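> Pasting a structure here, questions to come.
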Amino acid sequence: MSAWTFGEVRAVMQQRDVRSLQSLAGDVGAGFRRRALAPALVYAVLLMVVLIAVLAGRGHWPQVAPLMLLFCAGMVGRMRSMRRRWLGIYLAAVTLLLLLQSPWSGLAPAGVERVALVAMAFALAQVLIYTVRLLQLAQELQLQANDLDDAAILALLPPEAAEDARRWLAGDDRKVAELRDVVSLSVLCATLRSPGTQRRRSRRELLR
């Protein structure tokens, strides 16, 4: 293979030095996932609780169910800014499970186990549904962010940040750290506000 000419090397270097605000926006989808979803460790703990419930057997479901419900309530609350009514439903379910385990409740142990199973299944399904919705929304946000060019990103920035962006494009790196944060948040907010039936429905669910 022949060696590169000086002109070819220079062209490659110039191409690498081309600046774009798109590069400052970063991975908008990943940033949204970090903000919206619970940390991976929380999902791992939830999986551990599920495994404990499975291994312990149905006889211990009434004891494990309140813990799982409270854990799922915290996760769903983080993912969708849960209103008080949903928190009240979870707390009512936990209280009901505790009351049903009392001897004077009159419900047979098999019935208590079925109630515990239904409650755990509902809580886990809600966590799964909102996790999938957020992952889909993050992917959609990233696709829309990738379609923004520098002119569109400049229009999203506040006047002072837009001036800093123009100076950065001209080669001034003094405020690149602050500019990266502003650009990333501006692009994220713009994509969240953009029209689209799927996004509007997802946003309504998240903000309910």
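Starting from 1 in every chain, residues are counted up; chains themselves are A, B, ... following the order of the structure tokens, and ligands are numbered from 1 as listed.
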Which residues, written as a list in words, have at least one atom at most 9 Å from Leu135 in chain A, with only C-alpha atoms counted and residues fewer than 5 positions away on the same chain left out?
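Residues near the query, excluding close chain neighbours: Gly29, Arg33, Leu37, Tyr130 and Glu140 of chain A.
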> Keeping C-alpha atoms for every residue in the selection just given, could you write it to a file as a short mmCIF file (atom, residue, chain, number, x, y, z; two decimals), in the first residue's frame?

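selection.cif was written with the following content:
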```cif
data_model
loop_
_atom_site.label_atom_id
_atom_site.label_comp_id
_atom_site.auth_asym_id
_atom_site.auth_seq_id
_atom_site.Cartn_x
_atom_site.Cartn_y
_atom_site.Cartn_z
CA GLY A 29 -30.84 9.26 24.97
CA ARG A 33 -32.13 7.15 30.71
CA LEU A 37 -34.59 5.22 35.25
CA TYR A 130 -42.70 2.07 32.57
CA GLU A 140 -36.80 8.33 20.11
#
```
> Select from range 127-200 of chain A everything DSSP, run on the backbone, classes as alpha helix (DSSP H), then give the selection as a PyMOL selection string.
chain A and resi 127-146+150-156+159-169+176-193+197-200
> Val176 in chain A: which residues within 12 Å, counting only C-alpha atoms, same-chain residues fewer than 2 positions away excluded, as a ChimeraX atom specification?
/A:19,21,23-25,161,164-169,171-174,178-184
> Put those residues in a file: N, CA, C and O atoms, as a PDB file, in the first residue's frame.

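The new file part_11.pdb reads:
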```pdb
ATOM      1  N   ARG A  19     -15.414  21.293  13.963  1.00  0.00           N
ATOM      2  CA  ARG A  19     -16.200  21.357  15.182  1.00  0.00           C
ATOM      3  C   ARG A  19     -17.685  21.358  14.847  1.00  0.00           C
ATOM      4  O   ARG A  19     -18.100  21.953  13.857  1.00  0.00           O
ATOM      5  N   LEU A  21     -21.619  21.437  17.015  1.00  0.00           N
ATOM      6  CA  LEU A  21     -22.352  21.462  18.276  1.00  0.00           C
ATOM      7  C   LEU A  21     -22.995  20.108  18.559  1.00  0.00           C
ATOM      8  O   LEU A  21     -23.306  19.799  19.712  1.00  0.00           O
ATOM      9  N   SER A  23     -21.543  17.367  18.537  1.00  0.00           N
ATOM     10  CA  SER A  23     -20.619  16.628  19.391  1.00  0.00           C
ATOM     11  C   SER A  23     -20.736  17.044  20.853  1.00  0.00           C
ATOM     12  O   SER A  23     -20.470  16.248  21.761  1.00  0.00           O
ATOM     13  N   LEU A  24     -21.140  18.296  21.101  1.00  0.00           N
ATOM     14  CA  LEU A  24     -21.316  18.759  22.480  1.00  0.00           C
ATOM     15  C   LEU A  24     -22.623  18.273  23.080  1.00  0.00           C
ATOM     16  O   LEU A  24     -22.753  18.171  24.298  1.00  0.00           O
ATOM     17  N   ALA A  25     -23.585  17.993  22.223  1.00  0.00           N
ATOM     18  CA  ALA A  25     -24.877  17.528  22.733  1.00  0.00           C
ATOM     19  C   ALA A  25     -24.750  16.178  23.420  1.00  0.00           C
ATOM     20  O   ALA A  25     -25.515  15.852  24.330  1.00  0.00           O
ATOM     21  N   ALA A 161     -25.293  31.757  25.880  1.00  0.00           N
ATOM     22  CA  ALA A 161     -24.741  30.458  25.510  1.00  0.00           C
ATOM     23  C   ALA A 161     -24.536  30.363  24.008  1.00  0.00           C
ATOM     24  O   ALA A 161     -23.573  29.723  23.543  1.00  0.00           O
ATOM     25  N   ASP A 164     -21.277  31.955  23.273  1.00  0.00           N
ATOM     26  CA  ASP A 164     -20.194  31.045  23.664  1.00  0.00           C
ATOM     27  C   ASP A 164     -20.043  29.919  22.635  1.00  0.00           C
ATOM     28  O   ASP A 164     -18.921  29.488  22.333  1.00  0.00           O
ATOM     29  N   ALA A 165     -21.175  29.447  22.108  1.00  0.00           N
ATOM     30  CA  ALA A 165     -21.126  28.383  21.105  1.00  0.00           C
ATOM     31  C   ALA A 165     -20.447  28.869  19.830  1.00  0.00           C
ATOM     32  O   ALA A 165     -19.653  28.133  19.219  1.00  0.00           O
ATOM     33  N   ARG A 166     -20.751  30.071  19.414  1.00  0.00           N
ATOM     34  CA  ARG A 166     -20.109  30.615  18.202  1.00  0.00           C
ATOM     35  C   ARG A 166     -18.604  30.767  18.407  1.00  0.00           C
ATOM     36  O   ARG A 166     -17.810  30.486  17.499  1.00  0.00           O
ATOM     37  N   ARG A 167     -18.220  31.214  19.608  1.00  0.00           N
ATOM     38  CA  ARG A 167     -16.786  31.352  19.880  1.00  0.00           C
ATOM     39  C   ARG A 167     -16.112  29.979  19.909  1.00  0.00           C
ATOM     40  O   ARG A 167     -14.972  29.839  19.443  1.00  0.00           O
ATOM     41  N   TRP A 168     -16.820  28.977  20.448  1.00  0.00           N
ATOM     42  CA  TRP A 168     -16.238  27.624  20.465  1.00  0.00           C
ATOM     43  C   TRP A 168     -16.076  27.106  19.040  1.00  0.00           C
ATOM     44  O   TRP A 168     -15.062  26.464  18.722  1.00  0.00           O
ATOM     45  N   LEU A 169     -17.064  27.344  18.202  1.00  0.00           N
ATOM     46  CA  LEU A 169     -16.956  26.911  16.813  1.00  0.00           C
ATOM     47  C   LEU A 169     -15.787  27.587  16.112  1.00  0.00           C
ATOM     48  O   LEU A 169     -15.208  27.022  15.173  1.00  0.00           O
ATOM     49  N   GLY A 171     -13.010  28.226  17.624  1.00  0.00           N
ATOM     50  CA  GLY A 171     -11.759  27.724  18.185  1.00  0.00           C
ATOM     51  C   GLY A 171     -11.500  28.080  19.624  1.00  0.00           C
ATOM     52  O   GLY A 171     -10.457  27.718  20.175  1.00  0.00           O
ATOM     53  N   ASP A 172     -12.416  28.787  20.285  1.00  0.00           N
ATOM     54  CA  ASP A 172     -12.241  29.196  21.683  1.00  0.00           C
ATOM     55  C   ASP A 172     -12.763  28.095  22.596  1.00  0.00           C
ATOM     56  O   ASP A 172     -13.956  27.815  22.634  1.00  0.00           O
ATOM     57  N   ASP A 173     -11.865  27.459  23.387  1.00  0.00           N
ATOM     58  CA  ASP A 173     -12.241  26.335  24.254  1.00  0.00           C
ATOM     59  C   ASP A 173     -12.391  26.725  25.717  1.00  0.00           C
ATOM     60  O   ASP A 173     -12.503  25.847  26.581  1.00  0.00           O
ATOM     61  N   ARG A 174     -12.418  28.002  26.025  1.00  0.00           N
ATOM     62  CA  ARG A 174     -12.399  28.417  27.424  1.00  0.00           C
ATOM     63  C   ARG A 174     -13.659  28.000  28.194  1.00  0.00           C
ATOM     64  O   ARG A 174     -13.588  27.709  29.385  1.00  0.00           O
ATOM     65  N   GLU A 178     -18.874  24.245  30.413  1.00  0.00           N
ATOM     66  CA  GLU A 178     -20.195  24.803  30.671  1.00  0.00           C
ATOM     67  C   GLU A 178     -21.080  24.709  29.437  1.00  0.00           C
ATOM     68  O   GLU A 178     -22.275  24.409  29.528  1.00  0.00           O
ATOM     69  N   LEU A 179     -20.479  24.949  28.276  1.00  0.00           N
ATOM     70  CA  LEU A 179     -21.245  24.911  27.037  1.00  0.00           C
ATOM     71  C   LEU A 179     -21.774  23.510  26.759  1.00  0.00           C
ATOM     72  O   LEU A 179     -22.902  23.353  26.277  1.00  0.00           O
ATOM     73  N   ARG A 180     -20.999  22.496  27.084  1.00  0.00           N
ATOM     74  CA  ARG A 180     -21.447  21.122  26.850  1.00  0.00           C
ATOM     75  C   ARG A 180     -22.711  20.823  27.662  1.00  0.00           C
ATOM     76  O   ARG A 180     -23.653  20.197  27.161  1.00  0.00           O
ATOM     77  N   ASP A 181     -22.747  21.288  28.914  1.00  0.00           N
ATOM     78  CA  ASP A 181     -23.926  21.050  29.751  1.00  0.00           C
ATOM     79  C   ASP A 181     -25.144  21.788  29.203  1.00  0.00           C
ATOM     80  O   ASP A 181     -26.248  21.229  29.152  1.00  0.00           O
ATOM     81  N   VAL A 182     -24.952  23.047  28.793  1.00  0.00           N
ATOM     82  CA  VAL A 182     -26.068  23.842  28.296  1.00  0.00           C
ATOM     83  C   VAL A 182     -26.615  23.252  26.994  1.00  0.00           C
ATOM     84  O   VAL A 182     -27.831  23.150  26.803  1.00  0.00           O
ATOM     85  N   VAL A 183     -25.725  22.862  26.101  1.00  0.00           N
ATOM     86  CA  VAL A 183     -26.155  22.299  24.822  1.00  0.00           C
ATOM     87  C   VAL A 183     -26.906  20.988  25.043  1.00  0.00           C
ATOM     88  O   VAL A 183     -27.972  20.755  24.453  1.00  0.00           O
ATOM     89  N   SER A 184     -26.378  20.144  25.906  1.00  0.00           N
ATOM     90  CA  SER A 184     -27.015  18.856  26.155  1.00  0.00           C
ATOM     91  C   SER A 184     -28.415  19.033  26.729  1.00  0.00           C
ATOM     92  O   SER A 184     -29.381  18.395  26.271  1.00  0.00           O
TER      93      SER A 184
END
```
> Got a sec: who's within 8 Å of Pro66 in chain A, counting only C-alpha atoms, leaving out chain neighbours fewer than 3 positions off, as a PDB file with all heavy atoms, in the first residue's frame?

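Contents of out16.pdb, freshly written:
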```pdb
ATOM      1  N   PRO A  62     -47.025 -13.966  51.301  1.00  0.00           N
ATOM      2  CA  PRO A  62     -47.621 -12.853  52.047  1.00  0.00           C
ATOM      3  C   PRO A  62     -46.604 -12.028  52.824  1.00  0.00           C
ATOM      4  O   PRO A  62     -46.819 -10.832  53.059  1.00  0.00           O
ATOM      5  CB  PRO A  62     -48.600 -13.563  53.000  1.00  0.00           C
ATOM      6  CG  PRO A  62     -48.948 -14.829  52.303  1.00  0.00           C
ATOM      7  CD  PRO A  62     -47.662 -15.247  51.626  1.00  0.00           C
ATOM      8  N   GLN A  63     -45.496 -12.654  53.241  1.00  0.00           N
ATOM      9  CA  GLN A  63     -44.468 -11.898  53.966  1.00  0.00           C
ATOM     10  C   GLN A  63     -43.556 -11.115  53.022  1.00  0.00           C
ATOM     11  O   GLN A  63     -43.079 -10.028  53.362  1.00  0.00           O
ATOM     12  CB  GLN A  63     -43.616 -12.848  54.817  1.00  0.00           C
ATOM     13  CG  GLN A  63     -44.324 -13.461  56.014  1.00  0.00           C
ATOM     14  CD  GLN A  63     -45.247 -14.584  55.621  1.00  0.00           C
ATOM     15  OE1 GLN A  63     -44.947 -15.366  54.714  1.00  0.00           O
ATOM     16  NE2 GLN A  63     -46.374 -14.686  56.316  1.00  0.00           N
ATOM     17  N   LEU A  69     -43.818  -4.637  47.176  1.00  0.00           N
ATOM     18  CA  LEU A  69     -44.702  -3.537  46.810  1.00  0.00           C
ATOM     19  C   LEU A  69     -44.074  -2.189  47.136  1.00  0.00           C
ATOM     20  O   LEU A  69     -44.126  -1.250  46.334  1.00  0.00           O
ATOM     21  CB  LEU A  69     -46.042  -3.685  47.529  1.00  0.00           C
ATOM     22  CG  LEU A  69     -46.972  -4.800  47.044  1.00  0.00           C
ATOM     23  CD1 LEU A  69     -48.236  -4.832  47.878  1.00  0.00           C
ATOM     24  CD2 LEU A  69     -47.317  -4.610  45.575  1.00  0.00           C
ATOM     25  N   LEU A  70     -43.495  -2.077  48.315  1.00  0.00           N
ATOM     26  CA  LEU A  70     -42.852  -0.815  48.697  1.00  0.00           C
ATOM     27  C   LEU A  70     -41.659  -0.517  47.796  1.00  0.00           C
ATOM     28  O   LEU A  70     -41.424   0.646  47.408  1.00  0.00           O
ATOM     29  CB  LEU A  70     -42.416  -0.876  50.163  1.00  0.00           C
ATOM     30  CG  LEU A  70     -43.551  -0.918  51.191  1.00  0.00           C
ATOM     31  CD1 LEU A  70     -42.987  -1.096  52.600  1.00  0.00           C
ATOM     32  CD2 LEU A  70     -44.399   0.339  51.101  1.00  0.00           C
ATOM     33  N   ALA A  93     -52.516  -1.407  49.582  1.00  0.00           N
ATOM     34  CA  ALA A  93     -52.289  -2.818  49.287  1.00  0.00           C
ATOM     35  C   ALA A  93     -51.398  -3.467  50.340  1.00  0.00           C
ATOM     36  O   ALA A  93     -51.650  -4.605  50.771  1.00  0.00           O
ATOM     37  CB  ALA A  93     -51.664  -2.964  47.903  1.00  0.00           C
ATOM     38  N   VAL A  94     -50.371  -2.752  50.771  1.00  0.00           N
ATOM     39  CA  VAL A  94     -49.496  -3.287  51.817  1.00  0.00           C
ATOM     40  C   VAL A  94     -50.272  -3.477  53.115  1.00  0.00           C
ATOM     41  O   VAL A  94     -50.159  -4.527  53.793  1.00  0.00           O
ATOM     42  CB  VAL A  94     -48.297  -2.339  52.035  1.00  0.00           C
ATOM     43  CG1 VAL A  94     -47.508  -2.758  53.278  1.00  0.00           C
ATOM     44  CG2 VAL A  94     -47.380  -2.349  50.814  1.00  0.00           C
ATOM     45  N   LEU A  97     -52.554  -6.523  52.845  1.00  0.00           N
ATOM     46  CA  LEU A  97     -51.826  -7.788  52.964  1.00  0.00           C
ATOM     47  C   LEU A  97     -51.475  -8.090  54.411  1.00  0.00           C
ATOM     48  O   LEU A  97     -51.555  -9.252  54.852  1.00  0.00           O
ATOM     49  CB  LEU A  97     -50.558  -7.732  52.111  1.00  0.00           C
ATOM     50  CG  LEU A  97     -50.760  -7.898  50.608  1.00  0.00           C
ATOM     51  CD1 LEU A  97     -49.477  -7.572  49.863  1.00  0.00           C
ATOM     52  CD2 LEU A  97     -51.208  -9.320  50.281  1.00  0.00           C
ATOM     53  N   LEU A  98     -51.087  -7.062  55.147  1.00  0.00           N
ATOM     54  CA  LEU A  98     -50.746  -7.274  56.553  1.00  0.00           C
ATOM     55  C   LEU A  98     -51.981  -7.658  57.363  1.00  0.00           C
ATOM     56  O   LEU A  98     -51.912  -8.525  58.247  1.00  0.00           O
ATOM     57  CB  LEU A  98     -50.097  -6.010  57.122  1.00  0.00           C
ATOM     58  CG  LEU A  98     -48.737  -5.639  56.528  1.00  0.00           C
ATOM     59  CD1 LEU A  98     -48.236  -4.328  57.108  1.00  0.00           C
ATOM     60  CD2 LEU A  98     -47.711  -6.745  56.763  1.00  0.00           C
TER      61      LEU A  98
END
```
> Choose the residue, out of A:Met79, A:Met48, A:Met68, A:Ala36, that has the smallest atom-to-atom separation from Ala121 in chain A; count only C-alpha atoms.
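Using only C-alpha atoms, the shortest distance to Ala121 in chain A belongs to A:Met68.
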> Please identify all polymer residues within 8 Å of Cys72 in chain A, counting only C-alpha atoms, omitting same-chain residues fewer than 2 positions from it, and present them as an mmCIF file with N, CA and C atoms, in the first residue's frame.

```
data_model
loop_
_atom_site.group_PDB
_atom_site.id
_atom_site.type_symbol
_atom_site.label_atom_id
_atom_site.label_comp_id
_atom_site.auth_asym_id
_atom_site.auth_seq_id
_atom_site.Cartn_x
_atom_site.Cartn_y
_atom_site.Cartn_z
ATOM 1 N N LEU A 46 -34.177 -5.593 43.031
ATOM 2 C CA LEU A 46 -35.536 -6.061 42.773
ATOM 3 C C LEU A 46 -35.527 -7.498 42.255
ATOM 4 N N MET A 68 -41.853 -6.160 48.469
ATOM 5 C CA MET A 68 -41.773 -5.951 47.030
ATOM 6 C C MET A 68 -42.637 -4.778 46.586
ATOM 7 N N LEU A 69 -43.818 -4.637 47.176
ATOM 8 C CA LEU A 69 -44.702 -3.537 46.810
ATOM 9 C C LEU A 69 -44.074 -2.189 47.136
ATOM 10 N N LEU A 70 -43.495 -2.077 48.315
ATOM 11 C CA LEU A 70 -42.852 -0.815 48.697
ATOM 12 C C LEU A 70 -41.659 -0.517 47.796
ATOM 13 N N GLY A 74 -41.365 2.748 45.104
ATOM 14 C CA GLY A 74 -40.272 3.707 44.996
ATOM 15 C C GLY A 74 -39.737 3.814 43.580
ATOM 16 N N MET A 75 -39.617 2.696 42.866
ATOM 17 C CA MET A 75 -39.097 2.707 41.501
ATOM 18 C C MET A 75 -40.072 3.394 40.546
ATOM 19 N N VAL A 76 -41.359 3.048 40.653
ATOM 20 C CA VAL A 76 -42.352 3.669 39.782
ATOM 21 C C VAL A 76 -42.477 5.152 40.089
ATOM 22 N N ALA A 123 -47.390 -5.097 40.675
ATOM 23 C CA ALA A 123 -46.288 -4.173 40.930
ATOM 24 C C ALA A 123 -45.143 -4.397 39.947
ATOM 25 N N LEU A 124 -44.784 -5.650 39.722
ATOM 26 C CA LEU A 124 -43.701 -5.952 38.789
ATOM 27 C C LEU A 124 -44.075 -5.566 37.366
ATOM 28 N N VAL A 127 -43.643 -1.791 36.948
ATOM 29 C CA VAL A 127 -42.227 -1.437 36.807
ATOM 30 C C VAL A 127 -41.729 -1.764 35.400
#
```
> Please list as JSON, numbers by chain every residue within 9 Å of Gly31 in chain A, counting only C-alpha atoms and excluding residues in the same chain fewer than 3 positions away.
{"A": [26, 27, 28, 34, 35, 36, 138, 184, 188]}
> Just the number, please: distance in Å from CA of Val64 in chain A to CA of Val112 in chain A, one decimal.
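Spanning CA of Val64 in chain A to CA of Val112 in chain A is a straight-line distance of 12.1 Å.
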> Using only C-alpha atoms, can you tell me which of A:Gly77, A:Leu87, A:Leu143, A:Ala116 comes closest to Ala53 in chain A?
A:Ala116
> Work out how far CA of Phe32 in chain A is from CA of Ile129 in chain A, in Å to one decimal.
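Spanning CA of Ile129 in chain A to CA of Phe32 in chain A is a straight-line distance of 17.0 Å.
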> Quick one: pull the distance between CA of Leu100 in chain A and CA of Leu47 in chain A, Å, one decimal.
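Computing the Euclidean distance for CA of Leu100 in chain A and CA of Leu47 in chain A yields 25.6 Å.
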> Pick out the residues sitting within 10 Å of Val187 in chain A, and hand them over as JSON, numbers by chain; count only C-alpha atoms, and ignore anything fewer than 4 positions along from it in its own chain.
{"A": [22, 25, 26, 28, 141, 142, 144, 145, 146, 148, 152, 153, 154, 156, 157, 182, 183, 191, 192, 193]}
